[in-house]
>>> print(open('run_30.txt').read())   # compact mmCIF, N, CA, C and O atoms
# COMPACT_ATOMS: atom_id res chain seq x y z
N MET A 1 0.66 -0.89 -11.30
CA MET A 1 1.32 -0.96 -10.00
C MET A 1 0.77 0.07 -9.02
O MET A 1 1.28 0.20 -7.93
N SER A 2 -0.25 0.80 -9.39
CA SER A 2 -0.68 1.88 -8.52
C SER A 2 -1.39 1.40 -7.27
O SER A 2 -1.37 2.08 -6.26
N ALA A 3 -2.02 0.25 -7.30
CA ALA A 3 -2.78 -0.22 -6.14
C ALA A 3 -2.01 -1.25 -5.35
O ALA A 3 -2.55 -2.25 -4.91
N HIS A 4 -0.70 -1.03 -5.18
CA HIS A 4 0.15 -1.93 -4.41
C HIS A 4 0.77 -1.19 -3.24
O HIS A 4 1.18 -0.05 -3.39
N CYS A 5 0.85 -1.85 -2.10
CA CYS A 5 1.51 -1.27 -0.93
C CYS A 5 3.00 -1.59 -1.02
O CYS A 5 3.39 -2.74 -1.27
N MET A 6 3.85 -0.60 -0.81
CA MET A 6 5.29 -0.80 -0.89
C MET A 6 5.81 -1.66 0.25
O MET A 6 6.80 -2.38 0.07
N LEU A 7 5.18 -1.62 1.40
CA LEU A 7 5.67 -2.34 2.58
C LEU A 7 5.07 -3.74 2.71
O LEU A 7 5.80 -4.72 2.81
N THR A 8 3.76 -3.84 2.69
CA THR A 8 3.12 -5.13 2.93
C THR A 8 2.90 -5.93 1.65
O THR A 8 2.63 -7.12 1.71
N GLY A 9 2.96 -5.26 0.50
CA GLY A 9 2.73 -5.96 -0.76
C GLY A 9 1.26 -6.19 -1.05
O GLY A 9 0.92 -6.96 -1.93
N ALA A 10 0.37 -5.53 -0.31
CA ALA A 10 -1.07 -5.68 -0.55
C ALA A 10 -1.40 -5.24 -1.96
O ALA A 10 -0.92 -4.22 -2.43
N GLN A 11 -2.21 -6.04 -2.64
CA GLN A 11 -2.59 -5.73 -4.00
C GLN A 11 -4.07 -6.04 -4.19
O GLN A 11 -4.69 -6.64 -3.31
N PRO A 12 -4.65 -5.64 -5.32
CA PRO A 12 -6.09 -5.84 -5.50
C PRO A 12 -6.48 -7.32 -5.48
O PRO A 12 -5.73 -8.19 -5.92
N GLY A 13 -7.67 -7.55 -4.92
CA GLY A 13 -8.28 -8.88 -4.99
C GLY A 13 -9.42 -8.80 -6.00
O GLY A 13 -9.92 -7.72 -6.30
N PHE A 14 -9.81 -9.93 -6.53
CA PHE A 14 -10.85 -9.94 -7.55
C PHE A 14 -12.00 -10.83 -7.11
O PHE A 14 -11.82 -11.79 -6.37
N GLY A 15 -13.19 -10.47 -7.54
CA GLY A 15 -14.38 -11.23 -7.19
C GLY A 15 -15.51 -10.87 -8.13
O GLY A 15 -15.28 -10.37 -9.23
N ASN A 16 -16.72 -11.12 -7.68
CA ASN A 16 -17.89 -10.85 -8.50
C ASN A 16 -18.81 -9.84 -7.84
O ASN A 16 -19.00 -9.86 -6.63
N ARG A 17 -19.36 -8.96 -8.66
CA ARG A 17 -20.44 -8.07 -8.23
C ARG A 17 -21.72 -8.82 -8.57
O ARG A 17 -21.87 -9.31 -9.69
N ILE A 18 -22.61 -8.96 -7.61
CA ILE A 18 -23.83 -9.74 -7.84
C ILE A 18 -25.03 -8.81 -7.77
O ILE A 18 -25.28 -8.17 -6.76
N SER A 19 -25.78 -8.74 -8.86
CA SER A 19 -26.93 -7.85 -8.93
C SER A 19 -28.13 -8.48 -8.23
O SER A 19 -28.09 -9.62 -7.77
N HIS A 20 -29.22 -7.74 -8.18
CA HIS A 20 -30.45 -8.23 -7.55
C HIS A 20 -30.97 -9.47 -8.28
O HIS A 20 -31.51 -10.39 -7.65
N SER A 21 -30.79 -9.51 -9.59
CA SER A 21 -31.23 -10.67 -10.36
C SER A 21 -30.20 -11.80 -10.34
O SER A 21 -30.38 -12.82 -11.00
N HIS A 22 -29.16 -11.61 -9.57
CA HIS A 22 -28.08 -12.59 -9.34
C HIS A 22 -27.18 -12.80 -10.55
O HIS A 22 -26.53 -13.83 -10.68
N ARG A 23 -27.13 -11.81 -11.44
CA ARG A 23 -26.14 -11.87 -12.53
C ARG A 23 -24.79 -11.47 -11.96
O ARG A 23 -24.70 -10.53 -11.17
N ARG A 24 -23.75 -12.13 -12.39
CA ARG A 24 -22.42 -11.87 -11.85
C ARG A 24 -21.55 -11.16 -12.88
O ARG A 24 -21.46 -11.59 -14.02
N THR A 25 -20.93 -10.07 -12.45
CA THR A 25 -19.95 -9.38 -13.28
C THR A 25 -18.71 -9.20 -12.42
O THR A 25 -18.80 -9.12 -11.19
N SER A 26 -17.56 -9.16 -13.05
CA SER A 26 -16.33 -9.12 -12.27
C SER A 26 -16.10 -7.74 -11.67
O SER A 26 -16.51 -6.73 -12.23
N ARG A 27 -15.46 -7.71 -10.53
CA ARG A 27 -15.12 -6.47 -9.85
C ARG A 27 -13.76 -6.61 -9.20
O ARG A 27 -13.19 -7.70 -9.19
N ARG A 28 -13.27 -5.52 -8.65
CA ARG A 28 -11.93 -5.48 -8.09
C ARG A 28 -11.99 -4.86 -6.70
O ARG A 28 -12.59 -3.81 -6.52
N PHE A 29 -11.37 -5.52 -5.71
CA PHE A 29 -11.30 -5.00 -4.35
C PHE A 29 -9.92 -4.37 -4.18
O PHE A 29 -8.93 -5.09 -4.01
N ASP A 30 -9.85 -3.04 -4.22
CA ASP A 30 -8.57 -2.36 -4.09
C ASP A 30 -8.22 -2.15 -2.62
O ASP A 30 -9.10 -1.83 -1.81
N PRO A 31 -6.94 -2.29 -2.26
CA PRO A 31 -6.53 -1.96 -0.89
C PRO A 31 -6.57 -0.44 -0.70
O PRO A 31 -6.51 0.32 -1.66
N ASN A 32 -6.68 -0.02 0.55
CA ASN A 32 -6.76 1.41 0.87
C ASN A 32 -5.34 1.99 0.84
O ASN A 32 -4.65 2.02 1.85
N ILE A 33 -4.91 2.45 -0.33
CA ILE A 33 -3.55 2.96 -0.53
C ILE A 33 -3.52 4.46 -0.28
O ILE A 33 -4.33 5.21 -0.83
N GLN A 34 -2.58 4.89 0.55
CA GLN A 34 -2.40 6.31 0.86
C GLN A 34 -0.95 6.67 0.55
O GLN A 34 -0.05 5.87 0.72
N SER A 35 -0.73 7.89 0.10
CA SER A 35 0.62 8.39 -0.12
C SER A 35 1.03 9.19 1.11
O SER A 35 0.33 10.13 1.49
N LYS A 36 2.13 8.82 1.74
CA LYS A 36 2.53 9.46 2.99
C LYS A 36 4.00 9.83 2.91
O LYS A 36 4.82 9.09 2.38
N ARG A 37 4.33 10.99 3.46
CA ARG A 37 5.69 11.52 3.42
C ARG A 37 6.32 11.37 4.79
O ARG A 37 5.75 11.82 5.79
N TYR A 38 7.48 10.74 4.85
CA TYR A 38 8.19 10.51 6.11
C TYR A 38 9.58 11.14 6.04
O TYR A 38 10.21 11.16 4.99
N TRP A 39 10.07 11.61 7.17
CA TRP A 39 11.44 12.11 7.28
C TRP A 39 12.35 10.92 7.56
O TRP A 39 12.10 10.15 8.48
N LEU A 40 13.39 10.76 6.75
CA LEU A 40 14.35 9.68 6.91
C LEU A 40 15.64 10.27 7.46
O LEU A 40 16.45 10.82 6.72
N PRO A 41 15.85 10.20 8.79
CA PRO A 41 16.99 10.88 9.42
C PRO A 41 18.35 10.40 8.93
O PRO A 41 19.29 11.19 8.80
N SER A 42 18.48 9.11 8.62
CA SER A 42 19.79 8.59 8.21
C SER A 42 20.26 9.18 6.89
O SER A 42 21.46 9.32 6.66
N GLU A 43 19.32 9.54 6.01
CA GLU A 43 19.68 10.11 4.71
C GLU A 43 19.45 11.62 4.66
O GLU A 43 19.79 12.26 3.67
N GLY A 44 18.85 12.17 5.71
CA GLY A 44 18.62 13.61 5.77
C GLY A 44 17.66 14.11 4.72
O GLY A 44 17.81 15.21 4.20
N ARG A 45 16.64 13.32 4.40
CA ARG A 45 15.67 13.72 3.38
C ARG A 45 14.31 13.10 3.68
O ARG A 45 14.19 12.22 4.52
N HIS A 46 13.30 13.62 2.98
CA HIS A 46 11.96 13.06 3.06
C HIS A 46 11.82 11.96 2.02
O HIS A 46 12.42 12.04 0.94
N VAL A 47 11.03 10.95 2.33
CA VAL A 47 10.68 9.92 1.35
C VAL A 47 9.15 9.85 1.29
O VAL A 47 8.47 9.99 2.30
N ARG A 48 8.64 9.68 0.09
CA ARG A 48 7.19 9.54 -0.10
C ARG A 48 6.90 8.08 -0.36
O ARG A 48 7.42 7.49 -1.32
N LEU A 49 6.10 7.48 0.50
CA LEU A 49 5.78 6.06 0.39
C LEU A 49 4.30 5.90 0.07
O LEU A 49 3.46 6.62 0.59
N ARG A 50 4.00 4.92 -0.78
CA ARG A 50 2.61 4.56 -1.09
C ARG A 50 2.29 3.32 -0.27
O ARG A 50 2.74 2.22 -0.60
N LEU A 51 1.52 3.52 0.80
CA LEU A 51 1.28 2.46 1.77
C LEU A 51 -0.21 2.21 1.94
O LEU A 51 -1.02 3.12 1.83
N SER A 52 -0.53 0.96 2.27
CA SER A 52 -1.90 0.66 2.71
C SER A 52 -2.03 1.17 4.14
O SER A 52 -1.04 1.49 4.81
N THR A 53 -3.26 1.25 4.63
CA THR A 53 -3.46 1.74 5.99
C THR A 53 -2.81 0.80 7.00
O THR A 53 -2.30 1.24 8.03
N LYS A 54 -2.79 -0.49 6.71
CA LYS A 54 -2.09 -1.45 7.57
C LYS A 54 -0.58 -1.18 7.54
O LYS A 54 0.11 -1.27 8.55
N GLY A 55 -0.06 -0.81 6.36
CA GLY A 55 1.35 -0.47 6.24
C GLY A 55 1.72 0.77 7.03
O GLY A 55 2.80 0.85 7.62
N ILE A 56 0.82 1.76 7.09
CA ILE A 56 1.06 2.98 7.87
C ILE A 56 1.15 2.63 9.35
O ILE A 56 2.02 3.12 10.07
N LYS A 57 0.25 1.76 9.83
CA LYS A 57 0.30 1.32 11.22
C LYS A 57 1.58 0.56 11.52
O LYS A 57 2.16 0.69 12.60
N THR A 58 2.06 -0.22 10.55
CA THR A 58 3.31 -0.95 10.72
C THR A 58 4.48 0.01 10.85
O THR A 58 5.36 -0.18 11.70
N VAL A 59 4.51 1.06 10.03
CA VAL A 59 5.57 2.08 10.12
C VAL A 59 5.53 2.76 11.48
O VAL A 59 6.58 3.01 12.09
N ASP A 60 4.33 3.04 11.99
CA ASP A 60 4.21 3.65 13.31
C ASP A 60 4.76 2.74 14.40
O ASP A 60 5.30 3.21 15.39
N THR A 61 4.65 1.43 14.22
CA THR A 61 5.11 0.46 15.22
C THR A 61 6.62 0.24 15.15
O THR A 61 7.31 0.33 16.16
N ILE A 62 7.14 -0.06 13.94
CA ILE A 62 8.55 -0.44 13.82
C ILE A 62 9.48 0.72 13.52
O ILE A 62 10.70 0.60 13.66
N GLY A 63 8.94 1.85 13.10
CA GLY A 63 9.76 3.01 12.77
C GLY A 63 10.04 3.09 11.28
O GLY A 63 10.03 2.09 10.57
N VAL A 64 10.32 4.30 10.82
CA VAL A 64 10.50 4.53 9.39
C VAL A 64 11.80 3.91 8.87
O VAL A 64 11.85 3.43 7.74
N GLU A 65 12.86 3.90 9.69
CA GLU A 65 14.14 3.32 9.23
C GLU A 65 13.98 1.83 8.93
O GLU A 65 14.43 1.35 7.89
N ALA A 66 13.36 1.10 9.86
CA ALA A 66 13.17 -0.34 9.66
C ALA A 66 12.21 -0.61 8.50
O ALA A 66 12.40 -1.57 7.74
N ALA A 67 11.20 0.24 8.36
CA ALA A 67 10.24 0.06 7.27
C ALA A 67 10.91 0.26 5.91
O ALA A 67 10.68 -0.53 4.99
N VAL A 68 11.74 1.29 5.80
CA VAL A 68 12.44 1.53 4.53
C VAL A 68 13.41 0.38 4.24
O VAL A 68 13.56 -0.04 3.09
N ALA A 69 14.04 -0.16 5.29
CA ALA A 69 14.93 -1.31 5.09
C ALA A 69 14.15 -2.51 4.56
O ALA A 69 14.62 -3.22 3.65
N ARG A 70 12.94 -2.74 5.08
CA ARG A 70 12.11 -3.85 4.59
C ARG A 70 11.66 -3.62 3.15
O ARG A 70 11.64 -4.55 2.34
N ILE A 71 11.32 -2.37 2.83
CA ILE A 71 10.90 -2.05 1.47
C ILE A 71 12.04 -2.29 0.50
O ILE A 71 11.87 -2.88 -0.57
N ARG A 72 13.23 -1.86 0.87
CA ARG A 72 14.40 -2.08 0.00
C ARG A 72 14.75 -3.54 -0.11
O ARG A 72 15.23 -4.00 -1.16
N ALA A 73 14.52 -4.32 0.96
CA ALA A 73 14.79 -5.76 0.92
C ALA A 73 13.83 -6.46 -0.08
O ALA A 73 14.20 -7.50 -0.65
N ARG A 74 12.64 -5.91 -0.27
CA ARG A 74 11.69 -6.45 -1.23
C ARG A 74 12.07 -6.08 -2.66
O ARG A 74 11.47 -6.56 -3.61
N GLY A 75 13.06 -5.20 -2.82
CA GLY A 75 13.52 -4.82 -4.15
C GLY A 75 12.83 -3.59 -4.72
O GLY A 75 12.94 -3.31 -5.91
N VAL A 76 12.14 -2.84 -3.87
CA VAL A 76 11.45 -1.62 -4.32
C VAL A 76 12.37 -0.43 -4.09
O VAL A 76 12.97 -0.29 -3.03
N LYS A 77 12.48 0.43 -5.08
CA LYS A 77 13.33 1.61 -4.95
C LYS A 77 12.62 2.68 -4.13
O LYS A 77 11.44 2.96 -4.35
N VAL A 78 13.34 3.27 -3.17
CA VAL A 78 12.77 4.33 -2.33
C VAL A 78 13.49 5.63 -2.61
O VAL A 78 14.69 5.67 -2.68
>>> encode(input="run_30.txt", output="structure tokens")
Amino acid sequence: MSAHCMLTGAQPGFGNRISHSHRRTSRRFDPNIQSKRYWLPSEGRHVRLRLSTKGIKTVDTIGVEAAVARIRARGVKV
């Protein structure tokens, strides 16, 4: 579960690594997951969220309260 975004649900994609001789081996495309700490005024505490960079931009747009509400609606504990 380490390469999952708590807000957007972004998770690894899978594909092939193709060498010069065109041999294919499997590889994994991980999302850009960052751990970020936000102040949650309603609860008077900090929360640490594991978000993709797109998720961080979403928090900047909608606010941390709405983002935490969406995360909890997905069933993730904050």
>>> select_by_dssp(input="run_30.txt", residues="chain A", states="strand (DSSP E or B)", output="list in words")
Gly13, Phe14, Gly15, Asn16, Arg17, Ile18, Arg24, Thr25, Ser26, Arg27, Arg28, Phe29, Ile33, Gln34, Ser35, Lys36, Arg37, Tyr38, Trp39, Leu40, Arg45, His46, Val47, Arg48, Leu49, Arg50, Leu51 and Ser52 of chain A
>>> closest_residue(input="run_30.txt", among="A:Pro31, A:Val47, A:Pro41, A:Gly55", to="Ala67 (chain A)", atoms="only N, CA, C and O atoms")
A:Gly55
>>> closest_residue(input="run_30.txt", among="A:Thr58, A:Ile33, A:Arg74, A:Thr53", to="Ser2 (chain A)", atoms="all atoms listed in the file")
A:Ile33
>>> residues_around(input="run_30.txt", residues="Arg27 (chain A)", least_positions_apart="5", cutoff="9 Å", atoms="only C-alpha atoms", output="VMD selection string")
chain A and resid 13 to 17
>>> axis_aligned_box(input="run_30.txt", around="region 10-15 of chain A", padding_each_side="5 Å", output="JSON")
{"center_x": -7.6, "center_y": -8.0, "center_z": -4.8, "size_x": 25.9, "size_y": 17.6, "size_z": 18.9}
>>> atom_distance(input="run_30.txt", atom1="CA of Lys54 (chain A)", atom2="CA of Ser26 (chain A)")
25.6 Å
>>> closest_residue(input="run_30.txt", among="A:Ser42, A:Thr61, A:Ser21, A:Gln34", to="Met6 (chain A)", atoms="only C-alpha atoms")
A:Gln34
>>> select_by_dssp(input="run_30.txt", residues="chain A", states="alpha helix (DSSP H)", output="list in words")
Thr53, Lys54, Gly55, Ile56, Lys57, Thr58, Val59, Asp60, Thr61, Ile62, Val64, Glu65, Ala66, Ala67, Val68, Ala69, Arg70, Ile71, Arg72 and Ala73 of chain A
>>> closest_atom_pairs(input="run_30.txt", of="region 19-74 of chain A", to="region 7-12 of chain A", cutoff="7 Å", atoms="only N, CA, C and O atoms", output="JSON lines")
{"residue": "A:Arg28", "atom": "C", "partner": "A:Pro12", "partner_atom": "CA", "distance": 6.1}
{"residue": "A:Phe29", "atom": "O", "partner": "A:Pro12", "partner_atom": "CA", "distance": 3.3}
{"residue": "A:Asp30", "atom": "CA", "partner": "A:Pro12", "partner_atom": "CA", "distance": 4.5}
{"residue": "A:Pro31", "atom": "N", "partner": "A:Pro12", "partner_atom": "CA", "distance": 4.9}
{"residue": "A:Arg50", "atom": "O", "partner": "A:Leu7", "partner_atom": "N", "distance": 5.0}
{"residue": "A:Leu51", "atom": "CA", "partner": "A:Leu7", "partner_atom": "N", "distance": 5.7}
{"residue": "A:Ser52", "atom": "N", "partner": "A:Leu7", "partner_atom": "N", "distance": 6.3}
{"residue": "A:Gly55", "atom": "CA", "partner": "A:Thr8", "partner_atom": "N", "distance": 5.5}
{"residue": "A:Ala67", "atom": "O", "partner": "A:Leu7", "partner_atom": "CA", "distance": 5.8}
{"residue": "A:Arg70", "atom": "O", "partner": "A:Leu7", "partner_atom": "O", "distance": 5.9}
{"residue": "A:Ile71", "atom": "CA", "partner": "A:Leu7", "partner_atom": "CA", "distance": 5.4}
>>> atom_distance(input="run_30.txt", atom1="atom N of Gly44 (chain A)", atom2="atom O of Ile62 (chain A)")
16.2 Å
>>> atom_distance(input="run_30.txt", atom1="CA of Ser35 (chain A)", atom2="atom O of Ala3 (chain A)")
12.1 Å
>>> build_atoms(input="run_30.txt", residues="region 18-29 of chain A", atoms="all heavy atoms", output="CSV table (one decimal), keeping the file's coordinate frame")
chain,number,residue,atom,x,y,z
A,18,ILE,N,-22.6,-9.0,-7.6
A,18,ILE,CA,-23.8,-9.7,-7.8
A,18,ILE,C,-25.0,-8.8,-7.8
A,18,ILE,O,-25.3,-8.2,-6.8
A,18,ILE,CB,-24.0,-10.9,-6.8
A,18,ILE,CG1,-22.7,-11.8,-6.9
A,18,ILE,CG2,-25.2,-11.7,-7.1
A,18,ILE,CD1,-22.7,-12.9,-5.9
A,19,SER,N,-25.8,-8.7,-8.9
A,19,SER,CA,-26.9,-7.8,-8.9
A,19,SER,C,-28.1,-8.5,-8.2
A,19,SER,O,-28.1,-9.6,-7.8
A,19,SER,CB,-27.3,-7.6,-10.4
A,19,SER,OG,-27.8,-8.8,-11.0
A,20,HIS,N,-29.2,-7.7,-8.2
A,20,HIS,CA,-30.4,-8.2,-7.6
A,20,HIS,C,-31.0,-9.5,-8.3
A,20,HIS,O,-31.5,-10.4,-7.6
A,20,HIS,CB,-31.5,-7.1,-7.5
A,20,HIS,CG,-32.8,-7.5,-6.9
A,20,HIS,ND1,-32.9,-7.8,-5.6
A,20,HIS,CD2,-34.0,-7.8,-7.5
A,20,HIS,CE1,-34.2,-8.1,-5.3
A,20,HIS,NE2,-34.9,-8.1,-6.5
A,21,SER,N,-30.8,-9.5,-9.6
A,21,SER,CA,-31.2,-10.7,-10.4
A,21,SER,C,-30.2,-11.8,-10.3
A,21,SER,O,-30.4,-12.8,-11.0
A,21,SER,CB,-31.5,-10.3,-11.8
A,21,SER,OG,-30.3,-9.9,-12.4
A,22,HIS,N,-29.2,-11.6,-9.6
A,22,HIS,CA,-28.1,-12.6,-9.3
A,22,HIS,C,-27.2,-12.8,-10.6
A,22,HIS,O,-26.5,-13.8,-10.7
A,22,HIS,CB,-28.7,-13.9,-8.9
A,22,HIS,CG,-27.8,-14.6,-7.8
A,22,HIS,ND1,-27.6,-14.0,-6.6
A,22,HIS,CD2,-27.1,-15.7,-7.8
A,22,HIS,CE1,-26.8,-14.8,-5.9
A,22,HIS,NE2,-26.5,-15.8,-6.6
A,23,ARG,N,-27.1,-11.8,-11.4
A,23,ARG,CA,-26.1,-11.9,-12.5
A,23,ARG,C,-24.8,-11.5,-12.0
A,23,ARG,O,-24.7,-10.5,-11.2
A,23,ARG,CB,-26.5,-10.9,-13.7
A,23,ARG,CG,-27.8,-11.4,-14.4
A,23,ARG,CD,-28.1,-10.4,-15.5
A,23,ARG,NE,-27.1,-10.4,-16.5
A,23,ARG,CZ,-27.1,-11.1,-17.7
A,23,ARG,NH1,-28.1,-11.9,-17.9
A,23,ARG,NH2,-26.1,-10.9,-18.6
A,24,ARG,N,-23.8,-12.1,-12.4
A,24,ARG,CA,-22.4,-11.9,-11.8
A,24,ARG,C,-21.6,-11.2,-12.9
A,24,ARG,O,-21.5,-11.6,-14.0
A,24,ARG,CB,-21.7,-13.2,-11.4
A,24,ARG,CG,-22.4,-13.8,-10.3
A,24,ARG,CD,-22.1,-15.3,-10.2
A,24,ARG,NE,-22.9,-15.9,-9.2
A,24,ARG,CZ,-22.5,-16.3,-8.0
A,24,ARG,NH1,-21.2,-16.2,-7.7
A,24,ARG,NH2,-23.3,-16.9,-7.2
A,25,THR,N,-20.9,-10.1,-12.4
A,25,THR,CA,-20.0,-9.4,-13.3
A,25,THR,C,-18.7,-9.2,-12.4
A,25,THR,O,-18.8,-9.1,-11.2
A,25,THR,CB,-20.5,-8.0,-13.8
A,25,THR,OG1,-20.9,-7.3,-12.6
A,25,THR,CG2,-21.6,-8.2,-14.7
A,26,SER,N,-17.6,-9.2,-13.0
A,26,SER,CA,-16.3,-9.1,-12.3
A,26,SER,C,-16.1,-7.7,-11.7
A,26,SER,O,-16.5,-6.7,-12.2
A,26,SER,CB,-15.1,-9.5,-13.1
A,26,SER,OG,-15.0,-8.6,-14.2
A,27,ARG,N,-15.5,-7.7,-10.5
A,27,ARG,CA,-15.1,-6.5,-9.8
A,27,ARG,C,-13.8,-6.6,-9.2
A,27,ARG,O,-13.2,-7.7,-9.2
A,27,ARG,CB,-16.2,-6.1,-8.8
A,27,ARG,CG,-16.3,-7.1,-7.7
A,27,ARG,CD,-16.9,-6.5,-6.5
A,27,ARG,NE,-16.0,-5.5,-5.9
A,27,ARG,CZ,-16.3,-4.8,-4.8
A,27,ARG,NH1,-17.5,-4.9,-4.2
A,27,ARG,NH2,-15.5,-3.9,-4.3
A,28,ARG,N,-13.3,-5.5,-8.6
A,28,ARG,CA,-11.9,-5.5,-8.1
A,28,ARG,C,-12.0,-4.9,-6.7
A,28,ARG,O,-12.6,-3.8,-6.5
A,28,ARG,CB,-11.1,-4.6,-9.0
A,28,ARG,CG,-9.7,-4.5,-8.7
A,28,ARG,CD,-9.1,-3.8,-9.9
A,28,ARG,NE,-8.0,-2.9,-9.4
A,28,ARG,CZ,-6.9,-2.7,-10.1
A,28,ARG,NH1,-6.7,-3.2,-11.2
A,28,ARG,NH2,-6.0,-1.9,-9.6
A,29,PHE,N,-11.4,-5.5,-5.7
A,29,PHE,CA,-11.3,-5.0,-4.4
A,29,PHE,C,-9.9,-4.4,-4.2
A,29,PHE,O,-8.9,-5.1,-4.0
A,29,PHE,CB,-11.5,-6.1,-3.3
A,29,PHE,CG,-12.8,-6.8,-3.4
A,29,PHE,CD1,-13.0,-7.9,-4.1
A,29,PHE,CD2,-13.9,-6.3,-2.6
A,29,PHE,CE1,-14.2,-8.5,-4.2
A,29,PHE,CE2,-15.1,-6.9,-2.6
A,29,PHE,CZ,-15.3,-8.1,-3.4
